[in-house]
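Working notes, structure below.
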Amino acid sequence: MGQSTATGAASDPIVCYCFNRTSKQLRDAHARLGSLPEVQKETRAGTKCGGCRMILESMFDENPDEILSLGQGGRNVCVRPGSTLMKGFVAADHRLDTVVYSSNGVPPQFDGQDMSLPLEYMLLDSSGNPVLHRTARLESNETFCFDTRKENLPRPLYGMFLLRLGRANYGAGRFNTVWTNGVSACTTHEINDSGRPCSVLPVPVDDAFLRGPNSIFLAMQNPHDWPIRLRLEAVDANGAVLACLHRELPPRNSQWLNVLKEVFRPLLAEHAGARLTLRIQSEPRRMDMAATLYFFLHNLETDIWSANHL
């Protein structure tokens with residue numbers, strides 16, 4: 001089939017980016033060939049990364065052919081069910097508030113179909129106890145928003161936000177978490193599996209850092225239904241472990257740690273001149289049992305926050 005002259009036009013959007021197949025090309029091929037599997041054989045749409053398979057199914061009301069030779073021939077196959085349950089860290093105290101966003105954006109290839117979906121969300125406190133539990137419906141192209149500034153919540157709250165989308169498709173769901181103090185805002189996006197068995201704080205701390213304006217916080221979150229044991233090692237520039245702390249996170253539990261105050265200041269008083277960082281390990285060191293960790297940096301002079309997953 002020839003290439004479209006309007007591959008980026010709204011009237012003929014691209015459906016399969018791997019092979020540059022547009023909606024009109026695929027519909028014309030379907031009218032001529034009679035079935036989606038035959039269209040796939042000719043156009044190869046949906047046979048590489050798999051990202052357009054849900055769109056193909058919606059366009060023709062047929063199940064697309066399974067991708068051939070999964071994981072073979074050097075192909076990078078990323079087909080996976082949608083991440084229907086996601087979890088993120090929530091802070092609501094005298095310094096920070098949290099806003100959660102999730103968009104139900106609908107591609108133009110769906111031709112105005114109703115893609116509304118049910119959702120359920122829950123806020124847990126730092127002990128894993130429910131603070132609120134609600135259901136709603138997210139319409140096509142609507143954005144969900146939860147804002148701790150608009151809720152009557154116990155403070156300080158360092159907890160977990162759980163969002164369940166009524167979606168099962170070939171694209172992963174996600175939401176964005178924004179932490180703000182009214183002066184600055186920092187954000188991350190949340191997916192179903194975001195934990196790592198071993199992480200290191202990206203900032204080395206010495207006596208000069210202690211005299212500066214920055215504070216370091218660590219948010220530790222256990223999104224699982226089983227307890228996680230964490231080993232926190234203060235490590236110097238030579239890799240020597242100067243101190244070791246143990247924390248146990250019960251199921252669906254979050255903890256907020258002022259690392260500068262509780263770890264680095266006492267250690268540097270004993271080890272003047274050292275440069276330290278913190279290594280956090282989940283025990284056992286397994287990806288499917290790892291904690292989700294967030295690193296926060298707060299500048300007291302500017303009141304600017306930054307944050308990221310570890």
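Lettering and numbering for the structure tokens are positional, with chains as A, B, ... in the shown order, residues counted from 1 in each chain, and ligands counted from 1 in the shown order.
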Thr292 in chain A: which residues within 9 Å, counting only C-alpha atoms, same-chain residues fewer than 6 positions away excluded, as a count of residues only? 14
Which residues, written as number ranges by chain, have at least one atom at most 9 Å from Thr177 in chain A, with only C-alpha atoms counted and residues fewer than 3 positions away on the same chain left out? A: 88-90, 98-101, 186-190
DSSP alpha helix (DSSP H) residues within range 227-280 of chain A, listed as number ranges by chain: A: 259, 265-270
Quick one: write out the picked residues with N, CA, C and O atoms as a tab-separated table (two decimals), in the first residue's frame?
chain	number	residue	atom	x	y	z
A	259	VAL	N	15.60	12.91	56.54
A	259	VAL	CA	16.89	12.24	56.50
A	259	VAL	C	17.99	13.14	57.05
A	259	VAL	O	18.90	12.67	57.75
A	265	ARG	N	22.80	14.51	60.22
A	265	ARG	CA	23.36	15.40	61.24
A	265	ARG	C	24.01	14.62	62.39
A	265	ARG	O	25.15	14.93	62.77
A	266	PRO	N	23.35	13.64	62.98
A	266	PRO	CA	24.02	12.88	64.06
A	266	PRO	C	25.28	12.16	63.58
A	266	PRO	O	26.28	12.13	64.31
A	267	LEU	N	25.28	11.61	62.37
A	267	LEU	CA	26.45	10.88	61.89
A	267	LEU	C	27.62	11.80	61.60
A	267	LEU	O	28.78	11.48	61.91
A	268	LEU	N	27.36	12.98	61.01
A	268	LEU	CA	28.45	13.90	60.70
A	268	LEU	C	29.02	14.54	61.96
A	268	LEU	O	30.16	15.01	61.95
A	269	ALA	N	28.24	14.57	63.03
A	269	ALA	CA	28.80	15.03	64.30
A	269	ALA	C	29.86	14.05	64.81
A	269	ALA	O	30.81	14.44	65.49
A	270	GLU	N	29.70	12.76	64.47
A	270	GLU	CA	30.67	11.74	64.87
A	270	GLU	C	31.78	11.56	63.84
A	270	GLU	O	32.91	11.19	64.19
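The two atoms in question, CA of Ala234 in chain A and CA of Phe295 in chain A, are spaced 15.4 Å apart.
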Contacts of Arg231 in chain A within 9 Å, only C-alpha atoms, excl. fewer than 5 positions in-chain, as a PyMOL selection string: chain A and resi 244-248+279-283
Can you spit out the residues from that selection as an mmCIF file, in the first residue's frame, using C-alpha atoms?
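The result, written out as result_10.cif:
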data_model
loop_
_atom_site.group_PDB
_atom_site.id
_atom_site.type_symbol
_atom_site.label_atom_id
_atom_site.label_comp_id
_atom_site.auth_asym_id
_atom_site.auth_seq_id
_atom_site.Cartn_x
_atom_site.Cartn_y
_atom_site.Cartn_z
ATOM 1 C CA CYS A 244 22.396 0.951 59.518
ATOM 2 C CA LEU A 245 18.730 1.572 60.272
ATOM 3 C CA HIS A 246 15.890 -0.901 59.937
ATOM 4 C CA ARG A 247 12.309 0.042 59.172
ATOM 5 C CA GLU A 248 9.361 -2.287 58.722
ATOM 6 C CA ARG A 279 21.262 3.338 50.418
ATOM 7 C CA ILE A 280 17.778 1.858 50.871
ATOM 8 C CA GLN A 281 17.216 -1.858 50.299
ATOM 9 C CA SER A 282 14.040 -3.896 50.418
ATOM 10 C CA GLU A 283 14.459 -7.279 52.062
#
